[in-house]
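The data block below is work08.pdb; it holds PDB, C-alpha atoms.
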ATOM      1  CA  ARG I   1     -26.296  32.012  23.234  1.00  0.00           C
ATOM      2  CA  ALA I   2     -28.148  28.733  22.765  1.00  0.00           C
ATOM      3  CA  ALA I   3     -28.425  29.257  18.989  1.00  0.00           C
ATOM      4  CA  GLU I   4     -24.688  29.857  18.700  1.00  0.00           C
ATOM      5  CA  VAL I   5     -23.891  26.708  20.653  1.00  0.00           C
ATOM      6  CA  ALA I   6     -26.339  24.724  18.540  1.00  0.00           C
ATOM      7  CA  SER I   7     -24.545  25.895  15.388  1.00  0.00           C
ATOM      8  CA  TRP I   8     -21.392  24.091  16.517  1.00  0.00           C
ATOM      9  CA  GLY I   9     -23.116  20.738  16.120  1.00  0.00           C
ATOM     10  CA  PRO I  10     -22.642  20.409  12.325  1.00  0.00           C
ATOM     11  CA  VAL I  11     -19.029  21.598  12.597  1.00  0.00           C
ATOM     12  CA  LEU I  12     -18.206  18.989  15.216  1.00  0.00           C
ATOM     13  CA  ALA I  13     -20.111  16.354  13.269  1.00  0.00           C
ATOM     14  CA  ARG I  14     -17.938  16.968  10.201  1.00  0.00           C
ATOM     15  CA  ASP I  15     -14.721  16.887  12.193  1.00  0.00           C
ATOM     16  CA  VAL I  16     -15.325  14.477  15.081  1.00  0.00           C
ATOM     17  CA  GLY I  17     -18.005  12.295  13.553  1.00  0.00           C
ATOM     18  CA  ALA I  18     -21.729  11.915  13.199  1.00  0.00           C
ATOM     19  CA  ASP I  19     -22.047  11.002  16.868  1.00  0.00           C
ATOM     20  CA  ALA I  20     -20.832  14.423  18.047  1.00  0.00           C
ATOM     21  CA  GLU I  21     -24.306  15.428  19.250  1.00  0.00           C
ATOM     22  CA  ALA I  22     -24.794  12.173  21.145  1.00  0.00           C
ATOM     23  CA  VAL I  23     -21.328  12.513  22.680  1.00  0.00           C
ATOM     24  CA  ALA I  24     -22.092  16.049  23.887  1.00  0.00           C
ATOM     25  CA  GLU I  25     -25.466  15.055  25.326  1.00  0.00           C
ATOM     26  CA  ALA I  26     -24.021  12.088  27.219  1.00  0.00           C
ATOM     27  CA  ALA I  27     -21.127  14.146  28.531  1.00  0.00           C
ATOM     28  CA  GLY I  28     -23.487  16.988  29.452  1.00  0.00           C
ATOM     29  CA  SER I  29     -25.580  14.596  31.492  1.00  0.00           C
ATOM     30  CA  ARG I  30     -22.435  13.439  33.264  1.00  0.00           C
ATOM     31  CA  ILE I  31     -21.375  17.023  33.988  1.00  0.00           C
ATOM     32  CA  GLY I  32     -24.809  17.872  35.379  1.00  0.00           C
ATOM     33  CA  LYS I  33     -24.832  14.830  37.639  1.00  0.00           C
ATOM     34  CA  ALA I  34     -21.369  15.631  39.000  1.00  0.00           C
ATOM     35  CA  LEU I  35     -22.287  19.241  39.729  1.00  0.00           C
ATOM     36  CA  ARG I  36     -25.547  18.271  41.406  1.00  0.00           C
ATOM     37  CA  LEU I  37     -23.651  15.870  43.669  1.00  0.00           C
ATOM     38  CA  SER I  38     -21.124  18.547  44.562  1.00  0.00           C
ATOM     39  CA  ASP I  39     -23.941  20.968  45.434  1.00  0.00           C
ATOM     40  CA  ALA I  40     -25.949  18.394  47.375  1.00  0.00           C
ATOM     41  CA  GLY I  41     -25.275  20.108  50.698  1.00  0.00           C
ATOM     42  CA  ASP I  42     -26.051  23.597  49.411  1.00  0.00           C
ATOM     43  CA  SER I  43     -29.776  24.306  49.722  1.00  0.00           C
ATOM     44  CA  SER I  44     -29.405  27.627  47.874  1.00  0.00           C
ATOM     45  CA  ALA I  45     -28.059  25.982  44.709  1.00  0.00           C
ATOM     46  CA  GLU I  46     -30.608  25.892  41.892  1.00  0.00           C
ATOM     47  CA  PRO I  47     -30.390  23.153  39.250  1.00  0.00           C
ATOM     48  CA  LEU I  48     -29.602  24.361  35.740  1.00  0.00           C
ATOM     49  CA  PRO I  49     -31.416  23.236  32.578  1.00  0.00           C
ATOM     50  CA  ALA I  50     -29.969  20.174  30.870  1.00  0.00           C
ATOM     51  CA  ALA I  51     -29.264  22.291  27.781  1.00  0.00           C
ATOM     52  CA  VAL I  52     -26.674  24.266  29.750  1.00  0.00           C
ATOM     53  CA  TYR I  53     -24.694  21.128  30.565  1.00  0.00           C
ATOM     54  CA  THR I  54     -24.919  19.948  26.957  1.00  0.00           C
ATOM     55  CA  ALA I  55     -23.618  23.340  25.812  1.00  0.00           C
ATOM     56  CA  ALA I  56     -20.734  23.035  28.268  1.00  0.00           C
ATOM     57  CA  ALA I  57     -19.911  19.614  26.815  1.00  0.00           C
ATOM     58  CA  HIS I  58     -19.994  21.076  23.291  1.00  0.00           C
ATOM     59  CA  VAL I  59     -17.501  23.730  24.333  1.00  0.00           C
ATOM     60  CA  LEU I  60     -15.198  21.189  25.957  1.00  0.00           C
ATOM     61  CA  LEU I  61     -15.335  18.897  22.915  1.00  0.00           C
ATOM     62  CA  LEU I  62     -14.571  21.821  20.606  1.00  0.00           C
ATOM     63  CA  VAL I  63     -11.583  22.915  22.708  1.00  0.00           C
ATOM     64  CA  LEU I  64     -10.247  19.358  22.991  1.00  0.00           C
ATOM     65  CA  ARG I  65     -10.373  19.010  19.216  1.00  0.00           C
ATOM     66  CA  THR I  66      -9.112  22.409  18.085  1.00  0.00           C
ATOM     67  CA  MET I  67      -6.925  23.536  21.014  1.00  0.00           C
ATOM     68  CA  PRO I  68      -5.671  20.416  22.813  1.00  0.00           C
ATOM     69  CA  VAL I  69      -2.752  22.257  24.424  1.00  0.00           C
ATOM     70  CA  VAL I  70      -5.148  24.806  25.955  1.00  0.00           C
ATOM     71  CA  ALA I  71      -7.360  22.011  27.267  1.00  0.00           C
ATOM     72  CA  ARG I  72      -4.345  20.209  28.720  1.00  0.00           C
ATOM     73  CA  SER I  73      -3.059  23.383  30.397  1.00  0.00           C
ATOM     74  CA  PHE I  74      -6.490  24.039  31.924  1.00  0.00           C
ATOM     75  CA  TRP I  75      -6.662  20.495  33.245  1.00  0.00           C
ATOM     76  CA  GLU I  76      -3.151  20.576  34.705  1.00  0.00           C
ATOM     77  CA  SER I  77      -3.820  23.927  36.399  1.00  0.00           C
ATOM     78  CA  LEU I  78      -6.900  22.768  38.290  1.00  0.00           C
ATOM     79  CA  PRO I  79      -6.013  23.244  41.977  1.00  0.00           C
ATOM     80  CA  ARG I  80      -7.800  20.183  43.344  1.00  0.00           C
ATOM     81  CA  GLN I  81      -6.817  16.618  42.488  1.00  0.00           C
ATOM     82  CA  ARG I  82     -10.487  15.668  42.741  1.00  0.00           C
ATOM     83  CA  ASP I  83     -11.356  18.078  39.916  1.00  0.00           C
ATOM     84  CA  ARG I  84      -8.486  16.842  37.743  1.00  0.00           C
ATOM     85  CA  ASN I  85      -9.642  13.264  38.219  1.00  0.00           C
ATOM     86  CA  LEU I  86     -13.227  14.238  37.358  1.00  0.00           C
ATOM     87  CA  VAL I  87     -12.219  15.944  34.100  1.00  0.00           C
ATOM     88  CA  GLU I  88      -9.909  13.071  33.167  1.00  0.00           C
ATOM     89  CA  ARG I  89     -12.677  10.498  33.678  1.00  0.00           C
ATOM     90  CA  LEU I  90     -15.093  12.654  31.688  1.00  0.00           C
ATOM     91  CA  VAL I  91     -12.705  12.909  28.736  1.00  0.00           C
ATOM     92  CA  SER I  92     -11.773   9.219  28.889  1.00  0.00           C
ATOM     93  CA  ARG I  93     -15.366   7.968  28.961  1.00  0.00           C
ATOM     94  CA  HIS I  94     -17.102  10.390  26.613  1.00  0.00           C
ATOM     95  CA  PHE I  95     -14.679  12.230  24.330  1.00  0.00           C
ATOM     96  CA  SER I  96     -11.498  10.247  23.791  1.00  0.00           C
ATOM     97  CA  GLN I  97     -12.839   7.617  21.379  1.00  0.00           C
ATOM     98  CA  SER I  98     -14.460  10.228  19.114  1.00  0.00           C
ATOM     99  CA  LEU I  99     -11.288  12.319  19.101  1.00  0.00           C
ATOM    100  CA  ILE I 100      -9.153   9.259  18.299  1.00  0.00           C
ATOM    101  CA  GLN I 101     -11.477   8.423  15.396  1.00  0.00           C
ATOM    102  CA  ALA I 102     -11.106  11.999  14.143  1.00  0.00           C
ATOM    103  CA  GLU I 103      -7.322  11.558  14.194  1.00  0.00           C
ATOM    104  CA  ALA I 104      -7.622   8.286  12.258  1.00  0.00           C
ATOM    105  CA  THR I 105      -9.793   9.935   9.602  1.00  0.00           C
ATOM    106  CA  ALA I 106      -7.439  12.910   9.315  1.00  0.00           C
ATOM    107  CA  ALA I 107      -4.406  10.630   9.047  1.00  0.00           C
ATOM    108  CA  GLN I 108      -5.933   8.653   6.194  1.00  0.00           C
ATOM    109  CA  VAL I 109      -6.920  11.833   4.330  1.00  0.00           C
ATOM    110  CA  LEU I 110      -3.436  13.329   4.722  1.00  0.00           C
ATOM    111  CA  LEU I 111      -1.747  10.109   3.617  1.00  0.00           C
ATOM    112  CA  GLU I 112      -3.893   9.906   0.491  1.00  0.00           C
ATOM    113  CA  ALA I 113      -3.128  13.561  -0.261  1.00  0.00           C
ATOM    114  CA  ILE I 114       0.639  12.920  -0.386  1.00  0.00           C
ATOM    115  CA  ALA I 115       0.491   9.600  -2.247  1.00  0.00           C
ATOM    116  CA  GLU I 116       2.330  11.136  -5.230  1.00  0.00           C
ATOM    117  CA  ARG I 117       5.212  12.089  -2.928  1.00  0.00           C
ATOM    118  CA  LEU I 118       5.702   8.473  -1.901  1.00  0.00           C
ATOM    119  CA  PRO I 119       6.961   6.855  -5.131  1.00  0.00           C
ATOM    120  CA  ASP I 120       7.365   3.098  -4.954  1.00  0.00           C
ATOM    121  CA  ILE I 121       6.236   3.183  -1.314  1.00  0.00           C
ATOM    122  CA  GLU I 122       3.232   1.261  -0.039  1.00  0.00           C
ATOM    123  CA  ALA I 123       1.820   3.109   2.954  1.00  0.00           C
ATOM    124  CA  GLY I 124      -1.241   2.342   5.030  1.00  0.00           C
ATOM    125  CA  ILE I 125      -2.652   3.175   8.442  1.00  0.00           C
ATOM    126  CA  VAL I 126      -4.261   0.567  10.659  1.00  0.00           C
ATOM    127  CA  ARG I 127      -6.096   1.515  13.840  1.00  0.00           C
ATOM    128  CA  ARG I 128      -6.166  -0.996  16.663  1.00  0.00           C
ATOM    129  CA  ASN I 129      -8.327   0.464  19.439  1.00  0.00           C
ATOM    130  CA  ARG I 130      -5.963   3.049  20.978  1.00  0.00           C
ATOM    131  CA  GLN I 131      -3.051   2.324  18.678  1.00  0.00           C
ATOM    132  CA  PHE I 132      -2.196   3.665  15.218  1.00  0.00           C
ATOM    133  CA  ALA I 133       0.100   1.567  13.045  1.00  0.00           C
ATOM    134  CA  LEU I 134       1.779   3.082   9.997  1.00  0.00           C
ATOM    135  CA  GLN I 135       2.726   0.199   7.714  1.00  0.00           C
ATOM    136  CA  LEU I 136       5.433   1.016   5.173  1.00  0.00           C
ATOM    137  CA  THR I 137       6.874  -1.138   2.401  1.00  0.00           C
ATOM    138  CA  LYS I 138       9.688  -0.372  -0.050  1.00  0.00           C
ATOM    139  CA  GLU I 139      10.461  -3.429  -2.164  1.00  0.00           C
ATOM    140  CA  GLU I 140      11.782  -5.953   0.401  1.00  0.00           C
ATOM    141  CA  VAL I 141      11.946  -3.456   3.264  1.00  0.00           C
ATOM    142  CA  LYS I 142       8.899  -3.612   5.517  1.00  0.00           C
ATOM    143  CA  THR I 143       8.298  -1.910   8.824  1.00  0.00           C
ATOM    144  CA  GLU I 144       5.523  -0.798  11.151  1.00  0.00           C
ATOM    145  CA  LEU I 145       5.740   2.431  13.153  1.00  0.00           C
ATOM    146  CA  THR I 146       3.131   2.771  15.877  1.00  0.00           C
ATOM    147  CA  ILE I 147       1.632   5.422  18.136  1.00  0.00           C
ATOM    148  CA  GLN I 148      -0.011   4.455  21.413  1.00  0.00           C
ATOM    149  CA  VAL I 149      -2.826   6.771  22.491  1.00  0.00           C
ATOM    150  CA  PRO I 150      -3.688   7.002  26.222  1.00  0.00           C
ATOM    151  CA  GLU I 151      -7.209   6.685  27.589  1.00  0.00           C
ATOM    152  CA  ALA I 152      -7.339  10.364  28.528  1.00  0.00           C
ATOM    153  CA  PHE I 153      -6.242  11.593  25.091  1.00  0.00           C
ATOM    154  CA  PRO I 154      -5.647  14.468  24.437  1.00  0.00           C
ATOM    155  CA  LEU I 155      -5.125  15.432  28.084  1.00  0.00           C
ATOM    156  CA  ARG I 156      -2.259  12.953  28.219  1.00  0.00           C
ATOM    157  CA  PHE I 157       0.371  12.660  25.499  1.00  0.00           C
ATOM    158  CA  PRO I 158       0.495   9.820  22.952  1.00  0.00           C
ATOM    159  CA  SER I 159       3.748   7.877  22.744  1.00  0.00           C
ATOM    160  CA  ALA I 160       5.790   6.789  19.728  1.00  0.00           C
ATOM    161  CA  ASP I 161       6.632   3.100  19.560  1.00  0.00           C
ATOM    162  CA  LEU I 162       9.223   2.442  16.880  1.00  0.00           C
ATOM    163  CA  PRO I 163      11.190  -0.786  16.397  1.00  0.00           C
ATOM    164  CA  GLU I 164      14.818  -0.777  17.451  1.00  0.00           C
ATOM    165  CA  LYS I 165      15.833  -2.045  14.040  1.00  0.00           C
ATOM    166  CA  VAL I 166      14.360  -1.418  10.600  1.00  0.00           C
ATOM    167  CA  PRO I 167      16.005  -3.408   7.784  1.00  0.00           C
ATOM    168  CA  GLY I 168      17.997  -1.096   5.538  1.00  0.00           C
ATOM    169  CA  ILE I 169      17.675   1.987   7.767  1.00  0.00           C
ATOM    170  CA  PRO I 170      20.311   3.005  10.367  1.00  0.00           C
ATOM    171  CA  ILE I 171      19.208   2.838  13.998  1.00  0.00           C
ATOM    172  CA  GLN I 172      19.999   6.540  14.504  1.00  0.00           C
ATOM    173  CA  ASN I 173      17.554   7.541  11.773  1.00  0.00           C
ATOM    174  CA  VAL I 174      14.775   5.542  13.418  1.00  0.00           C
ATOM    175  CA  ARG I 175      15.571   7.147  16.767  1.00  0.00           C
ATOM    176  CA  ASN I 176      15.434  10.578  15.141  1.00  0.00           C
ATOM    177  CA  TRP I 177      11.954   9.796  13.842  1.00  0.00           C
ATOM    178  CA  ALA I 178      10.850   8.820  17.337  1.00  0.00           C
ATOM    179  CA  LEU I 179      12.273  12.106  18.623  1.00  0.00           C
ATOM    180  CA  GLN I 180      10.268  13.979  15.993  1.00  0.00           C
ATOM    181  CA  GLY I 181       7.100  12.367  17.284  1.00  0.00           C
ATOM    182  CA  ARG I 182       7.829  13.325  20.889  1.00  0.00           C
ATOM    183  CA  GLN I 183       8.582  16.910  19.860  1.00  0.00           C
ATOM    184  CA  ILE I 184       5.251  17.282  18.083  1.00  0.00           C
ATOM    185  CA  PHE I 185       3.222  15.597  20.826  1.00  0.00           C
ATOM    186  CA  SER I 186       4.722  17.723  23.584  1.00  0.00           C
ATOM    187  CA  ALA I 187       4.991  21.109  21.900  1.00  0.00           C
ATOM    188  CA  ARG I 188       2.611  21.441  18.995  1.00  0.00           C
ATOM    189  CA  LYS I 189      -0.320  23.795  19.570  1.00  0.00           C
ATOM    190  CA  GLU I 190      -2.359  22.806  16.533  1.00  0.00           C
ATOM    191  CA  PRO I 191      -4.710  19.795  16.466  1.00  0.00           C
ATOM    192  CA  LEU I 192      -4.064  16.664  14.394  1.00  0.00           C
ATOM    193  CA  GLY I 193      -0.829  15.878  16.213  1.00  0.00           C
ATOM    194  CA  VAL I 194      -1.121  12.112  15.708  1.00  0.00           C
ATOM    195  CA  SER I 195      -1.947  12.354  12.017  1.00  0.00           C
ATOM    196  CA  ARG I 196       0.865  14.846  11.400  1.00  0.00           C
ATOM    197  CA  VAL I 197       3.407  12.547  13.047  1.00  0.00           C
ATOM    198  CA  LEU I 198       2.285   9.647  10.855  1.00  0.00           C
ATOM    199  CA  LEU I 199       2.528  11.900   7.801  1.00  0.00           C
ATOM    200  CA  ILE I 200       6.069  13.022   8.655  1.00  0.00           C
ATOM    201  CA  TRP I 201       7.165   9.426   9.263  1.00  0.00           C
ATOM    202  CA  ALA I 202       5.803   8.304   5.893  1.00  0.00           C
ATOM    203  CA  ARG I 203       7.583  11.113   4.048  1.00  0.00           C
ATOM    204  CA  SER I 204      10.811  10.614   6.030  1.00  0.00           C
ATOM    205  CA  PHE I 205      10.775   6.926   5.082  1.00  0.00           C
ATOM    206  CA  ALA I 206      10.356   7.810   1.393  1.00  0.00           C
ATOM    207  CA  LEU I 207      12.970  10.588   1.445  1.00  0.00           C
ATOM    208  CA  PHE I 208      15.522   8.318   3.132  1.00  0.00           C
ATOM    209  CA  PHE I 209      15.480   6.055   0.099  1.00  0.00           C
ATOM    210  CA  LYS I 210      16.044   9.134  -2.076  1.00  0.00           C
ATOM    211  CA  GLY I 211      19.330   9.684  -0.295  1.00  0.00           C
ATOM    212  CA  ILE I 212      18.286  12.714   1.754  1.00  0.00           C
ATOM    213  CA  GLU I 213      19.885  12.718   5.206  1.00  0.00           C
ATOM    214  CA  ASP I 214      18.644  13.993   8.563  1.00  0.00           C
ATOM    215  CA  CYS I 215      19.965  17.336   9.776  1.00  0.00           C
ATOM    216  CA  PRO I 216      22.970  16.541  12.055  1.00  0.00           C
ATOM    217  CA  ILE I 217      22.038  19.440  14.360  1.00  0.00           C
ATOM    218  CA  CYS I 218      18.267  19.289  14.885  1.00  0.00           C
ATOM    219  CA  TYR I 219      17.951  15.610  13.759  1.00  0.00           C
ATOM    220  CA  ASN I 220      14.942  16.392  11.547  1.00  0.00           C
ATOM    221  CA  LEU I 221      14.659  15.540   7.893  1.00  0.00           C
ATOM    222  CA  LEU I 222      11.439  17.534   7.430  1.00  0.00           C
ATOM    223  CA  HIS I 223      10.557  20.851   9.040  1.00  0.00           C
ATOM    224  CA  LEU I 224       8.118  20.027  11.837  1.00  0.00           C
ATOM    225  CA  THR I 225       5.746  22.858  10.917  1.00  0.00           C
ATOM    226  CA  THR I 226       5.948  23.246   7.132  1.00  0.00           C
ATOM    227  CA  HIS I 227       6.854  19.595   6.372  1.00  0.00           C
ATOM    228  CA  THR I 228       9.387  20.807   3.793  1.00  0.00           C
ATOM    229  CA  ILE I 229      12.981  19.755   3.169  1.00  0.00           C
ATOM    230  CA  PRO I 230      15.448  22.380   4.482  1.00  0.00           C
ATOM    231  CA  ARG I 231      16.760  24.634   1.714  1.00  0.00           C
ATOM    232  CA  LYS I 232      19.578  26.160   3.742  1.00  0.00           C
ATOM    233  CA  ALA I 233      21.833  25.350   6.669  1.00  0.00           C
ATOM    234  CA  CYS I 234      20.019  24.583   9.940  1.00  0.00           C
ATOM    235  CA  PRO I 235      19.971  27.835  12.025  1.00  0.00           C
ATOM    236  CA  THR I 236      19.966  25.902  15.311  1.00  0.00           C
TER
END
Output the structure of this file as structure tokens.
Amino acid sequence: RAAEVASWGPVLARDVGADAEAVAEAAGSRIGKALRLSDAGDSSAEPLPAAVYTAAAHVLLLVLRTMPVVARSFWESLPRQRDRNLVERLVSRHFSQSLIQAEATAAQVLLEAIAERLPDIEAGIVRRNRQFALQLTKEEVKTELTIQVPEAFPLRFPSADLPEKVPGIPIQNVRNWALQGRQIFSARKEPLGVSRVLLIWARSFALFFKGIEDCPICYNLLHLTTHTIPRKACPT
């Protein structure tokens, strides 16, 4: 299956970045070293080719990017704390930065795609290491909504960091937006969680100034999956 694994390289390069191959090779080397150390006392254990470890790293990178909830569930279900710590260090050191960059790229693409839906709104995304800042301006109203990404992303959840007060916007609305972010981070099965939260915040900010109110039952202005304005009474 070496040819099949090799074919994933271009896919990951498009999505994660041009350094996807280098990331997989470095992580594969780390995996091989860890396994060799764990088998040090077993004389019957035969070392595997380096390509096997690189393939394993490719698989892990692909799962982390496309199925983060599956990867998180696997990590949390590992029976030994030692194994959980090993996987967390591996993701933190070799995968997290590339995955965060992929989120930043996706966020910028999505924001540009909805520019026509943000009339009279200046919106931009600034990345500061492990933090995403969505900067929004509507005439004299300016605010910055941020997401803090942990070192072991996506094994550990990002967190929404919204200001207590945004000029011109009720506190409850801002709190509802923060709740939206937590709902997506903790329950969404699809990738691009960070970029989707930033997208929803930008549209919610624009729709607020159009006079559209949050649902009093589910507290959402936009549907968390379809990103559309509700057309009928909230069923919840």
Practice task
Tell me, as a PyMOL selection string, which residues lie within 8 Å of Ser96 of chain I, counting all atoms listed in the file; anything in the same chain fewer than 6 positions away does not count.
Solution key: chain I and resi 151-154
Exercise for the section: For Leu99 of chain I, list every protein, DNA or RNA residue within 9 Å, evaluated using all atoms listed in the file, and leave out those in the same chain fewer than 2 positions away; present the list as number ranges by chain. Expected result: I: 15-17, 61, 64-65, 95-97, 101-104, 153-154
Handout entry: Residue nearest Gln148 of chain I - candidates I:Phe185, I:Trp177, I:Phe205, I:Trp75, atoms counted: only C-alpha atoms
Key =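 Closest candidate: I:Phe185.
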Exercise for the section: Could you jot down the atom CA of Ser98 of chain I to atom CA of Leu118 of chain I separation for me, Å, one decimal place? Expected result: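 Atom-to-atom, atom CA of Ser98 of chain I and atom CA of Leu118 of chain I are spaced 29.2 Å apart.
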Exercise for the section: Measuring atom to atom with only C-alpha atoms, identify which of I:Leu110, I:Ile200, I:Ile121, I:Met67 is nearest to Leu179 of chain I. Expected result: I:Ile200
Practice task
Fewer than 6 positions away in the same chain doesn't count, so skip those; otherwise give me all residues within 12 Å of Val126 of chain I, counting all atoms listed in the file, as a ChimeraX atom specification.
Solution key: /I:101,103-105,107-108,132-136,144-147,198
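Relative to atom CA of Pro167 of chain I, atom CA of Asp120 of chain I is found at 16.7 Å.
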Handout entry: Residues in the PyMOL selection byres ((chain I and resi 149) around 6), expressed as a ChimeraX atom specification
Key = /I:130-131,148,150,158
Practice task
Quick one: pull the distance between atom CA of Asn176 of chain I and atom CA of Gly124 of chain I, Å, one decimal.
Solution key: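 Straight-line distance from atom CA of Asn176 of chain I to atom CA of Gly124 of chain I works out to 21.2 Å.
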Exercise for the section: Can you give me, as a list in words, the residues this file yields under the PyMOL selection byres ((chain I and resi 72) around 10)? Expected result: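 On this input, the PyMOL selection byres ((chain I and resi 72) around 10) captures Val63, Leu64, Met67, Pro68, Val69, Val70, Ala71, Ser73, Phe74, Trp75, Glu76, Ser77, Phe153, Pro154, Leu155, Arg156 and Phe157 of chain I.
Taken over the shown file, the PyMOL selection byres ((chain I and resi 139) around 9) identifies Asp120, Ile121, Glu122, Thr137, Lys138, Glu140, Val141 and Lys142 of chain I.
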Practice task
Give the answer as one residue: which of I:Arg117, I:Arg182, I:Arg128, I:Arg89 has the shortest atom-to-atom distance to Ser204 of chain I, using all atoms listed in the file?
Solution key: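 Selected residue with least distance to Ser204 of chain I: I:Arg117.
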Centre and size of axis-aligned box enclosing segment 87-98 of chain I plus 6 Å each side, as AutoDock Vina command-line options:
--center_x -13.5 --center_y 11.8 --center_z 26.6 --size_x 19.2 --size_y 20.3 --size_z 27.0
Repaired coordinates for segment 202-208 of chain I (all heavy atoms) as a PDB file, in the frame of the given file:
ATOM      1  N   ALA I 202       5.941   8.883   7.235  1.00  0.00           N
ATOM      2  CA  ALA I 202       5.803   8.304   5.893  1.00  0.00           C
ATOM      3  C   ALA I 202       6.708   9.025   4.900  1.00  0.00           C
ATOM      4  O   ALA I 202       7.395   8.397   4.087  1.00  0.00           O
ATOM      5  CB  ALA I 202       4.343   8.382   5.440  1.00  0.00           C
ATOM      6  N   ARG I 203       6.738  10.348   4.970  1.00  0.00           N
ATOM      7  CA  ARG I 203       7.583  11.113   4.048  1.00  0.00           C
ATOM      8  C   ARG I 203       9.071  10.920   4.372  1.00  0.00           C
ATOM      9  O   ARG I 203       9.901  10.864   3.461  1.00  0.00           O
ATOM     10  CB  ARG I 203       7.221  12.596   4.114  1.00  0.00           C
ATOM     11  CG  ARG I 203       5.856  12.929   3.491  1.00  0.00           C
ATOM     12  CD  ARG I 203       5.804  14.383   3.084  1.00  0.00           C
ATOM     13  NE  ARG I 203       6.828  14.697   2.097  1.00  0.00           N
ATOM     14  CZ  ARG I 203       7.262  15.941   1.877  1.00  0.00           C
ATOM     15  NH1 ARG I 203       6.775  16.956   2.575  1.00  0.00           N
ATOM     16  NH2 ARG I 203       8.187  16.163   0.962  1.00  0.00           N
ATOM     17  N   SER I 204       9.412  10.833   5.655  1.00  0.00           N
ATOM     18  CA  SER I 204      10.811  10.614   6.030  1.00  0.00           C
ATOM     19  C   SER I 204      11.298   9.274   5.508  1.00  0.00           C
ATOM     20  O   SER I 204      12.433   9.144   5.041  1.00  0.00           O
ATOM     21  CB  SER I 204      10.969  10.679   7.554  1.00  0.00           C
ATOM     22  OG  SER I 204      10.664  11.974   8.049  1.00  0.00           O
ATOM     23  N   PHE I 205      10.447   8.264   5.586  1.00  0.00           N
ATOM     24  CA  PHE I 205      10.775   6.926   5.082  1.00  0.00           C
ATOM     25  C   PHE I 205      11.048   6.998   3.586  1.00  0.00           C
ATOM     26  O   PHE I 205      12.043   6.439   3.084  1.00  0.00           O
ATOM     27  CB  PHE I 205       9.610   5.981   5.377  1.00  0.00           C
ATOM     28  CG  PHE I 205       9.826   4.557   4.955  1.00  0.00           C
ATOM     29  CD1 PHE I 205      10.501   3.666   5.781  1.00  0.00           C
ATOM     30  CD2 PHE I 205       9.336   4.093   3.735  1.00  0.00           C
ATOM     31  CE1 PHE I 205      10.691   2.341   5.401  1.00  0.00           C
ATOM     32  CE2 PHE I 205       9.519   2.778   3.345  1.00  0.00           C
ATOM     33  CZ  PHE I 205      10.205   1.898   4.182  1.00  0.00           C
ATOM     34  N   ALA I 206      10.183   7.708   2.842  1.00  0.00           N
ATOM     35  CA  ALA I 206      10.356   7.810   1.393  1.00  0.00           C
ATOM     36  C   ALA I 206      11.596   8.621   1.033  1.00  0.00           C
ATOM     37  O   ALA I 206      12.364   8.246   0.136  1.00  0.00           O
ATOM     38  CB  ALA I 206       9.115   8.450   0.772  1.00  0.00           C
ATOM     39  N   LEU I 207      11.826   9.725   1.748  1.00  0.00           N
ATOM     40  CA  LEU I 207      12.970  10.588   1.445  1.00  0.00           C
ATOM     41  C   LEU I 207      14.297   9.920   1.781  1.00  0.00           C
ATOM     42  O   LEU I 207      15.317  10.194   1.145  1.00  0.00           O
ATOM     43  CB  LEU I 207      12.835  11.913   2.204  1.00  0.00           C
ATOM     44  CG  LEU I 207      11.713  12.835   1.717  1.00  0.00           C
ATOM     45  CD1 LEU I 207      11.536  14.010   2.666  1.00  0.00           C
ATOM     46  CD2 LEU I 207      11.978  13.325   0.299  1.00  0.00           C
ATOM     47  N   PHE I 208      14.296   9.043   2.789  1.00  0.00           N
ATOM     48  CA  PHE I 208      15.522   8.318   3.132  1.00  0.00           C
ATOM     49  C   PHE I 208      16.017   7.522   1.931  1.00  0.00           C
ATOM     50  O   PHE I 208      17.220   7.491   1.630  1.00  0.00           O
ATOM     51  CB  PHE I 208      15.285   7.393   4.322  1.00  0.00           C
ATOM     52  CG  PHE I 208      16.438   6.462   4.582  1.00  0.00           C
ATOM     53  CD1 PHE I 208      17.555   6.887   5.284  1.00  0.00           C
ATOM     54  CD2 PHE I 208      16.425   5.156   4.091  1.00  0.00           C
ATOM     55  CE1 PHE I 208      18.635   6.033   5.500  1.00  0.00           C
ATOM     56  CE2 PHE I 208      17.494   4.292   4.305  1.00  0.00           C
ATOM     57  CZ  PHE I 208      18.598   4.739   5.021  1.00  0.00           C
TER      58      PHE I 208
END
